[in-house]
Amino acid sequence: MKRNAKSALSIFAASAVLALTLAGCGGGNASTDTSAPADSSGSEASTTAVVSGTVSTNGSTSMEKVIGSLKEQFQKDNDGKVTVSYDATGSGAGIEAVTNGTTDIGLSSRALKDEETSAGLTGTTVALDGIAVIVNADSQVSDLSVEQIGQIFSGQITNWKDVGGADAEIACIGREANSGTRDGFESITDTKDKCKLSQELTSTGAVIEAVKNSPNAIGYASLSAVEGKDGIQALTVGGVACTEETVLDGTYQIQRPFVLVTKNDTPLSEAAQAFFDYATSPAANDLIRSAGAVPVAK
């Protein structure tokens with residue numbers, strides 16, 4: 001009787017151990033099954049969370065390709081629930097739009113001035129851009145120094161023969177006074193308020209077309225805008241070509257930043273902040289590069 005009870009107790013204990021073991025294994029699997037979705041959603045939410053709404057950008061015409069590529073991908077990543085607008089008005093107008101609150105993010109192809117930062121604006125460099133000095137495709141001149149370029153645009157050199165070209169009067173093509181490209185170009189070539197222009201145009205594309213259609217013209221435009229264009233050629237400056245590599249390493253001298261401008265005392269909306277964060281992250285580097293500019297995010 002005691003032996004039978006002892007045996008029954010042993011069998012019961014063994015069964016209990018077996019049940020606990022199986023439960024433990026089953027419990028482990030159940031824990032993995034239930035925690036995996038939680039872990040997955042938690043980790044992916046930070047990178048794939050969809051935002052909705054509108055984001056307005058306004059400013060530099062030279063940033064058209066960069067902003068166009070970024071906004072297209074950003075809208076796609078957010079399932080079309082967010083719309084990013086781009087108003088190409090020029091750097092100065094974009095900075096003014098941020099100041100008066102009529103745009104979320106300003107676009108400037110020059111660094112902010114002291115008076116602009118003092119007024120409560122912040123500039124964040126999203127990329128670097130070489131300012132290519134361009135001439136007609138048939139020009140005999142292929143290289144100029146920064147000093148020679150400055151002398152040409154300030155009217156000290158007026159004939160191509162003086163820099164190794166044909167005996168023809170030079171026609172200088174430039175941007176309007178509010179242009180970030182012009183501001184960057186003039187600052188580097190020391191031609192601020194000195195330029196003698198044959199034509200003063202309001203867009204990068206217009207400058208390229210004018211140089212293309214004038215055998216004796218010289219102008220300047222964003223590297224991203226001139227690559228692959230027929231009818232023009234980009235000069236080397238001091239023997240250095242305008243390329244991504246030479247802009248990034250600083251050997252190409254005529255370059256400027258592409259800047260996102262925000263107002264310090266005005267927080268961005270969720271959608272605008274998400275676009276800003278995306279544009280300044282390494283995730284955007286390939287798009288910026290494909291648009292012809294040089295990404296800076298690491």
# chains A, B, ... in the order shown; residues from 1 in each chain; ligands from 1

call {"tool": "select_by_dssp", "arguments": {"residues": "region 83-261 of chain A", "states": "alpha helix (DSSP H)", "output": "ChimeraX atom specification"}}
result
/A:91-99,114-118,146-153,180-189,204-212,223-226,244-248

call {"tool": "closest_atom_pairs", "arguments": {"of": "region 213-278 of chain A", "to": "region 124-141 of chain A", "cutoff": "8 Å", "atoms": "only C-alpha atoms", "output": "JSON lines"}}
result
{"residue": "A:Asn213", "atom": "CA", "partner": "A:Asn136", "partner_atom": "CA", "distance": 7.6}
{"residue": "A:Ser214", "atom": "CA", "partner": "A:Asn136", "partner_atom": "CA", "distance": 6.6}
{"residue": "A:Pro215", "atom": "CA", "partner": "A:Asn136", "partner_atom": "CA", "distance": 5.4}
{"residue": "A:Asn216", "atom": "CA", "partner": "A:Asn136", "partner_atom": "CA", "distance": 6.8}
{"residue": "A:Ala217", "atom": "CA", "partner": "A:Val135", "partner_atom": "CA", "distance": 5.9}
{"residue": "A:Ile218", "atom": "CA", "partner": "A:Val135", "partner_atom": "CA", "distance": 4.6}
{"residue": "A:Gly219", "atom": "CA", "partner": "A:Ile134", "partner_atom": "CA", "distance": 5.3}
{"residue": "A:Tyr220", "atom": "CA", "partner": "A:Val133", "partner_atom": "CA", "distance": 4.5}
{"residue": "A:Ala221", "atom": "CA", "partner": "A:Ala132", "partner_atom": "CA", "distance": 5.4}
{"residue": "A:Ser222", "atom": "CA", "partner": "A:Ile131", "partner_atom": "CA", "distance": 4.7}
{"residue": "A:Leu223", "atom": "CA", "partner": "A:Gly130", "partner_atom": "CA", "distance": 5.2}
{"residue": "A:Ser224", "atom": "CA", "partner": "A:Asp129", "partner_atom": "CA", "distance": 7.4}
{"residue": "A:Val226", "atom": "CA", "partner": "A:Ala132", "partner_atom": "CA", "distance": 7.5}
{"residue": "A:Asp230", "atom": "CA", "partner": "A:Ala137", "partner_atom": "CA", "distance": 7.7}
{"residue": "A:Gly231", "atom": "CA", "partner": "A:Ala137", "partner_atom": "CA", "distance": 4.9}
{"residue": "A:Ile232", "atom": "CA", "partner": "A:Ala137", "partner_atom": "CA", "distance": 4.2}
{"residue": "A:Gln233", "atom": "CA", "partner": "A:Ala137", "partner_atom": "CA", "distance": 5.2}
{"residue": "A:Ala234", "atom": "CA", "partner": "A:Ile134", "partner_atom": "CA", "distance": 4.4}
{"residue": "A:Leu235", "atom": "CA", "partner": "A:Val133", "partner_atom": "CA", "distance": 5.7}
{"residue": "A:Thr236", "atom": "CA", "partner": "A:Val133", "partner_atom": "CA", "distance": 8.0}
{"residue": "A:Cys242", "atom": "CA", "partner": "A:Ala132", "partner_atom": "CA", "distance": 6.2}
{"residue": "A:Thr243", "atom": "CA", "partner": "A:Gly130", "partner_atom": "CA", "distance": 7.3}
{"residue": "A:Glu244", "atom": "CA", "partner": "A:Gly130", "partner_atom": "CA", "distance": 7.8}
{"residue": "A:Val247", "atom": "CA", "partner": "A:Gly130", "partner_atom": "CA", "distance": 5.9}
{"residue": "A:Leu248", "atom": "CA", "partner": "A:Leu128", "partner_atom": "CA", "distance": 7.3}
{"residue": "A:Tyr252", "atom": "CA", "partner": "A:Gly130", "partner_atom": "CA", "distance": 7.5}
{"residue": "A:Ile254", "atom": "CA", "partner": "A:Ile131", "partner_atom": "CA", "distance": 5.5}
{"residue": "A:Gln255", "atom": "CA", "partner": "A:Gly130", "partner_atom": "CA", "distance": 4.1}
{"residue": "A:Arg256", "atom": "CA", "partner": "A:Asp129", "partner_atom": "CA", "distance": 5.5}
{"residue": "A:Pro257", "atom": "CA", "partner": "A:Leu128", "partner_atom": "CA", "distance": 4.4}
{"residue": "A:Phe258", "atom": "CA", "partner": "A:Ala127", "partner_atom": "CA", "distance": 5.1}
{"residue": "A:Val259", "atom": "CA", "partner": "A:Thr125", "partner_atom": "CA", "distance": 4.4}
{"residue": "A:Leu260", "atom": "CA", "partner": "A:Thr124", "partner_atom": "CA", "distance": 5.1}
{"residue": "A:Val261", "atom": "CA", "partner": "A:Thr124", "partner_atom": "CA", "distance": 6.5}

call {"tool": "residues_around", "arguments": {"residues": "Thr189 (chain A)", "least_positions_apart": "2", "cutoff": "10 Å", "atoms": "only C-alpha atoms", "output": "list in words"}}
result
Ser145, Val146, Glu147, Gln148, Ile149, Gly150, Gln151, Phe153, Ser154, Gly184, Phe185, Glu186, Ser187, Thr191, Lys192, Gln253 and Ile254 of chain A

call {"tool": "write_last_selection", "arguments": {"atoms": "C-alpha atoms", "output": "tab-separated table (two decimals), in the first residue's frame"}}
result
chain	number	residue	atom	x	y	z
A	145	SER	CA	42.39	81.71	-62.83
A	146	VAL	CA	40.07	83.16	-60.21
A	147	GLU	CA	41.88	86.48	-60.69
A	148	GLN	CA	41.28	86.45	-64.46
A	149	ILE	CA	37.62	85.61	-63.97
A	150	GLY	CA	37.31	88.55	-61.58
A	151	GLN	CA	39.00	90.86	-64.05
A	153	PHE	CA	33.49	90.27	-64.87
A	154	SER	CA	34.63	93.62	-63.49
A	184	GLY	CA	28.58	83.33	-53.95
A	185	PHE	CA	30.31	83.96	-57.26
A	186	GLU	CA	31.00	87.63	-56.56
A	187	SER	CA	32.27	86.95	-53.04
A	191	THR	CA	33.54	91.33	-57.87
A	192	LYS	CA	30.85	92.43	-55.42
A	253	GLN	CA	37.81	77.34	-55.45
A	254	ILE	CA	34.45	78.62	-56.72

call {"tool": "residues_around", "arguments": {"residues": "Thr57 (chain A)", "least_positions_apart": "4", "cutoff": "10 Å", "atoms": "only C-alpha atoms", "output": "list in words"}}
result
Ile67, Lys71, Val84, Ser85, Tyr86, Asp87, Ala88, Gly94, Ala97, Val98, Thr102, Thr103, Asp104, Ile105, Gly106, Leu107, Leu260, Val261 and Ala272 of chain A

call {"tool": "closest_residue", "arguments": {"among": "A:Asp265, A:Asp286, A:Asp114, A:Glu227", "to": "Gln73 (chain A)", "atoms": "only C-alpha atoms"}}
result
A:Asp286

call {"tool": "closest_residue", "arguments": {"among": "A:Asp167, A:Glu209, A:Asp190, A:Glu64", "to": "Ser109 (chain A)", "atoms": "only C-alpha atoms"}}
result
A:Glu64

call {"tool": "atom_distance", "arguments": {"atom1": "CA of Val240 (chain A)", "atom2": "CA of Lys161 (chain A)"}}
result
21.7 Å

call {"tool": "select_by_dssp", "arguments": {"residues": "region 65-280 of chain A", "states": "strand (DSSP E or B)", "output": "PyMOL selection string"}}
result
chain A and resi 82-88+105-108+121-136+143-144+159+169+171-175+199-201+217-222+232-234+236-237+240+255-263
